[in-house]
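Colleague: Just passing along the structure, written as structure tokens.
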Amino acid sequence: TGKLRGCGIAEPVRIRMMSDILLSQLAMMDCETAVMLKTWLMNTAKPAFADQGGGLKGLRLSGHYACKTQNNRPYGRLSEHSRGRAIDISSFILMDGTVITVRDGWTNKETNGVMRELHTGACGLFGTVLGPDADRYHKGHFHFDTASRRSGSICR
């Protein structure tokens, strides 16, 4: 449980490596989010980088479980991070040591195709997918969460 009412994960998992991909920090999330992340890594991220820099080696995370409101706004709704249903990815690390940030990779002509492939591959799999074009809060990372929405998934 967390400091705000409604925060917490009933049965959290802590992950440092998934599908041979090293995470920059020990990430805590619920099982459903972990399964979706693994599915995205196997079906989208690893194939997207298969021909670049020797393949994908790691992810630099900028967020996972945290008891907070959406975009850290005072009195805002709880973020999906507060329930362990969200992960934020800011960079991709390749086997040869190359680091591709979401912020720079999104607009770089050499990497924007891969960045858009990663974003599109998460759409529909996760309940919410936000990238650099979504809003000012997501300029530097991908936000993926497993929220269920009556209106369907969000992909921006």
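Convention: chains lettered A, B, ... in structure tokens order; per-chain residue numbering from 1; ligands numbered from 1 as shown.
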Tell me which protein, DNA and RNA residues are within 8 Å of Ala27 (chain A), counting only C-alpha atoms, leaving out same-chain ones fewer than 4 positions away, and put them as a list in words.
Modeller: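 Counting only C-alpha atoms, the residues come to Arg14, Ile15, Arg16, Leu23, His64 and Tyr65 of chain A.
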Colleague: Using only C-alpha atoms, determine which residues lie at most 12 Å from region 75-78 of chain A, disregarding the query and same-chain residues fewer than 3 positions distant; provide the list as a PyMOL selection string.
Modeller: chain A and resi 2-8+65-72+81-86+147
Colleague: Taking the DSSP secondary structure from the backbone, can you list the residues of chain A that are alpha helix (DSSP H), as a PDB file with N, CA and C atoms, in the first residue's frame?
Modeller:
```pdb
ATOM      1  N   CYS A  31       1.131  -8.726 -12.144  1.00  0.00           N
ATOM      2  CA  CYS A  31       1.430  -9.818 -13.083  1.00  0.00           C
ATOM      3  C   CYS A  31       0.947  -9.532 -14.499  1.00  0.00           C
ATOM      4  N   GLU A  32      -0.241  -8.960 -14.628  1.00  0.00           N
ATOM      5  CA  GLU A  32      -0.770  -8.672 -15.966  1.00  0.00           C
ATOM      6  C   GLU A  32       0.149  -7.727 -16.731  1.00  0.00           C
ATOM      7  N   THR A  33       0.645  -6.709 -16.064  1.00  0.00           N
ATOM      8  CA  THR A  33       1.546  -5.750 -16.711  1.00  0.00           C
ATOM      9  C   THR A  33       2.857  -6.431 -17.092  1.00  0.00           C
ATOM     10  N   ALA A  34       3.359  -7.300 -16.235  1.00  0.00           N
ATOM     11  CA  ALA A  34       4.589  -8.040 -16.532  1.00  0.00           C
ATOM     12  C   ALA A  34       4.400  -8.928 -17.763  1.00  0.00           C
ATOM     13  N   VAL A  35       3.270  -9.594 -17.864  1.00  0.00           N
ATOM     14  CA  VAL A  35       2.992 -10.457 -19.019  1.00  0.00           C
ATOM     15  C   VAL A  35       2.904  -9.629 -20.299  1.00  0.00           C
ATOM     16  N   MET A  36       2.228  -8.487 -20.242  1.00  0.00           N
ATOM     17  CA  MET A  36       2.106  -7.624 -21.426  1.00  0.00           C
ATOM     18  C   MET A  36       3.470  -7.079 -21.840  1.00  0.00           C
ATOM     19  N   LEU A  37       4.293  -6.695 -20.864  1.00  0.00           N
ATOM     20  CA  LEU A  37       5.632  -6.197 -21.171  1.00  0.00           C
ATOM     21  C   LEU A  37       6.457  -7.280 -21.852  1.00  0.00           C
ATOM     22  N   LYS A  38       6.382  -8.501 -21.341  1.00  0.00           N
ATOM     23  CA  LYS A  38       7.126  -9.609 -21.954  1.00  0.00           C
ATOM     24  C   LYS A  38       6.634  -9.866 -23.380  1.00  0.00           C
ATOM     25  N   THR A  39       5.339  -9.835 -23.573  1.00  0.00           N
ATOM     26  CA  THR A  39       4.764 -10.046 -24.903  1.00  0.00           C
ATOM     27  C   THR A  39       5.258  -8.971 -25.869  1.00  0.00           C
ATOM     28  N   TRP A  40       5.250  -7.710 -25.434  1.00  0.00           N
ATOM     29  CA  TRP A  40       5.727  -6.611 -26.268  1.00  0.00           C
ATOM     30  C   TRP A  40       7.215  -6.751 -26.564  1.00  0.00           C
ATOM     31  N   LYS A  46      12.243  -6.696 -29.459  1.00  0.00           N
ATOM     32  CA  LYS A  46      13.410  -7.476 -29.891  1.00  0.00           C
ATOM     33  C   LYS A  46      13.482  -7.573 -31.419  1.00  0.00           C
ATOM     34  N   PRO A  47      12.382  -7.869 -32.113  1.00  0.00           N
ATOM     35  CA  PRO A  47      12.451  -7.887 -33.581  1.00  0.00           C
ATOM     36  C   PRO A  47      12.779  -6.517 -34.187  1.00  0.00           C
ATOM     37  N   ALA A  48      12.301  -5.434 -33.577  1.00  0.00           N
ATOM     38  CA  ALA A  48      12.551  -4.085 -34.108  1.00  0.00           C
ATOM     39  C   ALA A  48      14.038  -3.751 -34.112  1.00  0.00           C
ATOM     40  N   VAL A 102      14.039   7.774 -26.254  1.00  0.00           N
ATOM     41  CA  VAL A 102      12.736   8.010 -26.876  1.00  0.00           C
ATOM     42  C   VAL A 102      12.656   9.461 -27.342  1.00  0.00           C
ATOM     43  N   ARG A 103      13.129  10.387 -26.518  1.00  0.00           N
ATOM     44  CA  ARG A 103      13.064  11.819 -26.849  1.00  0.00           C
ATOM     45  C   ARG A 103      13.765  12.126 -28.180  1.00  0.00           C
ATOM     46  N   ASP A 104      15.006  11.682 -28.326  1.00  0.00           N
ATOM     47  CA  ASP A 104      15.764  11.978 -29.548  1.00  0.00           C
ATOM     48  C   ASP A 104      15.430  11.020 -30.681  1.00  0.00           C
ATOM     49  N   GLY A 105      15.189   9.766 -30.346  1.00  0.00           N
ATOM     50  CA  GLY A 105      14.903   8.757 -31.362  1.00  0.00           C
ATOM     51  C   GLY A 105      13.604   9.001 -32.102  1.00  0.00           C
ATOM     52  N   ASN A 112      13.532   7.115 -36.149  1.00  0.00           N
ATOM     53  CA  ASN A 112      12.111   7.374 -35.930  1.00  0.00           C
ATOM     54  C   ASN A 112      11.221   6.224 -36.408  1.00  0.00           C
ATOM     55  N   GLY A 113      11.635   5.501 -37.427  1.00  0.00           N
ATOM     56  CA  GLY A 113      10.850   4.351 -37.886  1.00  0.00           C
ATOM     57  C   GLY A 113      10.755   3.269 -36.822  1.00  0.00           C
ATOM     58  N   VAL A 114      11.873   2.977 -36.170  1.00  0.00           N
ATOM     59  CA  VAL A 114      11.889   1.971 -35.103  1.00  0.00           C
ATOM     60  C   VAL A 114      11.068   2.457 -33.907  1.00  0.00           C
ATOM     61  N   MET A 115      11.207   3.724 -33.561  1.00  0.00           N
ATOM     62  CA  MET A 115      10.451   4.270 -32.418  1.00  0.00           C
ATOM     63  C   MET A 115       8.943   4.147 -32.663  1.00  0.00           C
ATOM     64  N   ARG A 116       8.527   4.453 -33.881  1.00  0.00           N
ATOM     65  CA  ARG A 116       7.098   4.358 -34.208  1.00  0.00           C
ATOM     66  C   ARG A 116       6.637   2.902 -34.250  1.00  0.00           C
ATOM     67  N   GLU A 117       7.511   2.012 -34.673  1.00  0.00           N
ATOM     68  CA  GLU A 117       7.200   0.576 -34.650  1.00  0.00           C
ATOM     69  C   GLU A 117       7.004   0.096 -33.207  1.00  0.00           C
ATOM     70  N   LEU A 118       7.858   0.552 -32.301  1.00  0.00           N
ATOM     71  CA  LEU A 118       7.740   0.188 -30.890  1.00  0.00           C
ATOM     72  C   LEU A 118       6.435   0.716 -30.301  1.00  0.00           C
ATOM     73  N   HIS A 119       6.103   1.950 -30.632  1.00  0.00           N
ATOM     74  CA  HIS A 119       4.871   2.577 -30.149  1.00  0.00           C
ATOM     75  C   HIS A 119       3.646   1.841 -30.692  1.00  0.00           C
ATOM     76  N   THR A 120       3.608   1.630 -31.995  1.00  0.00           N
ATOM     77  CA  THR A 120       2.469   0.960 -32.629  1.00  0.00           C
ATOM     78  C   THR A 120       2.304  -0.469 -32.128  1.00  0.00           C
ATOM     79  N   GLY A 121       3.426  -1.156 -31.911  1.00  0.00           N
ATOM     80  CA  GLY A 121       3.376  -2.531 -31.431  1.00  0.00           C
ATOM     81  C   GLY A 121       2.802  -2.664 -30.031  1.00  0.00           C
ATOM     82  N   ALA A 122       2.831  -1.580 -29.264  1.00  0.00           N
ATOM     83  CA  ALA A 122       2.261  -1.595 -27.913  1.00  0.00           C
ATOM     84  C   ALA A 122       0.769  -1.282 -27.923  1.00  0.00           C
TER      85      ALA A 122
END
```
Colleague: Return the single residue from A:Leu125, A:Asp133, A:Ser153, A:Lys109 that is closest to Thr44 (chain A), with distances computed using only C-alpha atoms.
Modeller: A:Leu125
Colleague: Using only C-alpha atoms, which residues sit within 9 Å of Phe142 (chain A) once same-chain residues fewer than 3 positions away are excluded, as a PDB file with all heavy atoms, in the first residue's frame?
Modeller:
```pdb
ATOM      1  N   ILE A  87       4.327   1.120 -16.826  1.00  0.00           N
ATOM      2  CA  ILE A  87       5.785   1.126 -16.969  1.00  0.00           C
ATOM      3  C   ILE A  87       6.149   2.257 -17.929  1.00  0.00           C
ATOM      4  O   ILE A  87       5.443   2.480 -18.915  1.00  0.00           O
ATOM      5  CB  ILE A  87       6.303  -0.242 -17.467  1.00  0.00           C
ATOM      6  CG1 ILE A  87       7.821  -0.331 -17.401  1.00  0.00           C
ATOM      7  CG2 ILE A  87       5.818  -0.588 -18.843  1.00  0.00           C
ATOM      8  CD1 ILE A  87       8.317  -0.950 -16.148  1.00  0.00           C
ATOM      9  N   ASP A  88       7.197   2.996 -17.618  1.00  0.00           N
ATOM     10  CA  ASP A  88       7.677   4.071 -18.480  1.00  0.00           C
ATOM     11  C   ASP A  88       9.078   3.710 -18.968  1.00  0.00           C
ATOM     12  O   ASP A  88       9.950   3.382 -18.155  1.00  0.00           O
ATOM     13  CB  ASP A  88       7.746   5.400 -17.722  1.00  0.00           C
ATOM     14  CG  ASP A  88       6.370   5.962 -17.379  1.00  0.00           C
ATOM     15  OD1 ASP A  88       5.364   5.508 -17.960  1.00  0.00           O
ATOM     16  OD2 ASP A  88       6.313   6.872 -16.532  1.00  0.00           O
ATOM     17  N   ILE A  89       9.286   3.807 -20.272  1.00  0.00           N
ATOM     18  CA  ILE A  89      10.569   3.464 -20.889  1.00  0.00           C
ATOM     19  C   ILE A  89      11.130   4.710 -21.551  1.00  0.00           C
ATOM     20  O   ILE A  89      10.488   5.302 -22.416  1.00  0.00           O
ATOM     21  CB  ILE A  89      10.387   2.336 -21.928  1.00  0.00           C
ATOM     22  CG1 ILE A  89       9.789   1.098 -21.257  1.00  0.00           C
ATOM     23  CG2 ILE A  89      11.713   2.024 -22.623  1.00  0.00           C
ATOM     24  CD1 ILE A  89       9.283   0.047 -22.220  1.00  0.00           C
ATOM     25  N   SER A  90      12.358   5.101 -21.155  1.00  0.00           N
ATOM     26  CA  SER A  90      12.955   6.320 -21.695  1.00  0.00           C
ATOM     27  C   SER A  90      14.050   6.053 -22.721  1.00  0.00           C
ATOM     28  O   SER A  90      14.332   6.925 -23.536  1.00  0.00           O
ATOM     29  CB  SER A  90      13.513   7.188 -20.573  1.00  0.00           C
ATOM     30  OG  SER A  90      14.500   6.487 -19.851  1.00  0.00           O
ATOM     31  N   VAL A 102      14.039   7.774 -26.254  1.00  0.00           N
ATOM     32  CA  VAL A 102      12.736   8.010 -26.876  1.00  0.00           C
ATOM     33  C   VAL A 102      12.656   9.461 -27.342  1.00  0.00           C
ATOM     34  O   VAL A 102      12.220   9.746 -28.455  1.00  0.00           O
ATOM     35  CB  VAL A 102      11.586   7.663 -25.909  1.00  0.00           C
ATOM     36  CG1 VAL A 102      10.234   8.079 -26.477  1.00  0.00           C
ATOM     37  CG2 VAL A 102      11.610   6.174 -25.576  1.00  0.00           C
ATOM     38  N   HIS A 119       6.103   1.950 -30.632  1.00  0.00           N
ATOM     39  CA  HIS A 119       4.871   2.577 -30.149  1.00  0.00           C
ATOM     40  C   HIS A 119       3.646   1.841 -30.692  1.00  0.00           C
ATOM     41  O   HIS A 119       2.757   1.437 -29.939  1.00  0.00           O
ATOM     42  CB  HIS A 119       4.874   4.049 -30.581  1.00  0.00           C
ATOM     43  CG  HIS A 119       3.725   4.843 -30.084  1.00  0.00           C
ATOM     44  ND1 HIS A 119       2.548   4.950 -30.784  1.00  0.00           N
ATOM     45  CD2 HIS A 119       3.571   5.593 -28.963  1.00  0.00           C
ATOM     46  CE1 HIS A 119       1.720   5.722 -30.111  1.00  0.00           C
ATOM     47  NE2 HIS A 119       2.319   6.132 -28.997  1.00  0.00           N
ATOM     48  N   VAL A 129      -1.251   3.638 -24.307  1.00  0.00           N
ATOM     49  CA  VAL A 129       0.095   3.816 -24.855  1.00  0.00           C
ATOM     50  C   VAL A 129       0.246   5.301 -25.155  1.00  0.00           C
ATOM     51  O   VAL A 129      -0.497   5.850 -25.953  1.00  0.00           O
ATOM     52  CB  VAL A 129       0.306   2.974 -26.132  1.00  0.00           C
ATOM     53  CG1 VAL A 129       1.662   3.268 -26.753  1.00  0.00           C
ATOM     54  CG2 VAL A 129       0.147   1.490 -25.836  1.00  0.00           C
ATOM     55  N   LEU A 130       1.201   5.935 -24.478  1.00  0.00           N
ATOM     56  CA  LEU A 130       1.464   7.356 -24.697  1.00  0.00           C
ATOM     57  C   LEU A 130       2.925   7.517 -25.093  1.00  0.00           C
ATOM     58  O   LEU A 130       3.806   6.900 -24.506  1.00  0.00           O
ATOM     59  CB  LEU A 130       1.175   8.167 -23.433  1.00  0.00           C
ATOM     60  CG  LEU A 130      -0.250   8.063 -22.880  1.00  0.00           C
ATOM     61  CD1 LEU A 130      -0.366   8.796 -21.550  1.00  0.00           C
ATOM     62  CD2 LEU A 130      -1.254   8.601 -23.882  1.00  0.00           C
ATOM     63  N   GLY A 131       3.155   8.352 -26.089  1.00  0.00           N
ATOM     64  CA  GLY A 131       4.509   8.620 -26.559  1.00  0.00           C
ATOM     65  C   GLY A 131       4.749  10.107 -26.668  1.00  0.00           C
ATOM     66  O   GLY A 131       3.940  10.920 -26.188  1.00  0.00           O
ATOM     67  N   PRO A 132       5.841  10.501 -27.311  1.00  0.00           N
ATOM     68  CA  PRO A 132       6.215  11.911 -27.398  1.00  0.00           C
ATOM     69  C   PRO A 132       5.174  12.837 -28.015  1.00  0.00           C
ATOM     70  O   PRO A 132       5.153  14.022 -27.697  1.00  0.00           O
ATOM     71  CB  PRO A 132       7.492  11.880 -28.249  1.00  0.00           C
ATOM     72  CG  PRO A 132       8.088  10.553 -27.945  1.00  0.00           C
ATOM     73  CD  PRO A 132       6.903   9.638 -27.830  1.00  0.00           C
ATOM     74  N   HIS A 138       4.901  13.429 -21.730  1.00  0.00           N
ATOM     75  CA  HIS A 138       5.442  12.179 -22.278  1.00  0.00           C
ATOM     76  C   HIS A 138       6.440  12.399 -23.409  1.00  0.00           C
ATOM     77  O   HIS A 138       6.673  11.505 -24.214  1.00  0.00           O
ATOM     78  CB  HIS A 138       4.284  11.271 -22.708  1.00  0.00           C
ATOM     79  CG  HIS A 138       3.427  10.877 -21.552  1.00  0.00           C
ATOM     80  ND1 HIS A 138       2.338  11.620 -21.171  1.00  0.00           N
ATOM     81  CD2 HIS A 138       3.547   9.867 -20.663  1.00  0.00           C
ATOM     82  CE1 HIS A 138       1.802  11.068 -20.089  1.00  0.00           C
ATOM     83  NE2 HIS A 138       2.515  10.005 -19.760  1.00  0.00           N
ATOM     84  N   LYS A 139       7.029  13.566 -23.486  1.00  0.00           N
ATOM     85  CA  LYS A 139       7.996  13.892 -24.549  1.00  0.00           C
ATOM     86  C   LYS A 139       9.220  12.986 -24.518  1.00  0.00           C
ATOM     87  O   LYS A 139       9.806  12.702 -25.558  1.00  0.00           O
ATOM     88  CB  LYS A 139       8.460  15.350 -24.441  1.00  0.00           C
ATOM     89  CG  LYS A 139       7.409  16.356 -24.822  1.00  0.00           C
ATOM     90  CD  LYS A 139       7.189  16.358 -26.297  1.00  0.00           C
ATOM     91  CE  LYS A 139       6.165  17.392 -26.702  1.00  0.00           C
ATOM     92  NZ  LYS A 139       5.528  17.071 -27.958  1.00  0.00           N
TER      93      LYS A 139
END
```
Colleague: Give the answer as one residue: which of A:Arg150, A:Cys155, A:Asn43, A:Leu22 has the shortest atom-to-atom distance to Leu61 (chain A), using only C-alpha atoms?
Modeller: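 Using only C-alpha atoms, the shortest distance to Leu61 (chain A) belongs to A:Leu22.
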Colleague: Which one is closest to Ile93 (chain A): A:Ala10, A:Leu59, A:Ala45, A:Cys123? Count only C-alpha atoms.
Modeller: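 Between A:Ala10, A:Leu59, A:Ala45, A:Cys123, the residue approaching Ile93 (chain A) most closely is A:Leu59.
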Colleague: To test your reading of the structure, identify every residue in region 11-130 of chain A that backbone DSSP assigns to strand (DSSP E), and report it as a ChimeraX atom specification.
Modeller: /A:13-18,21-29,56-63,86-94,99-101,128-130
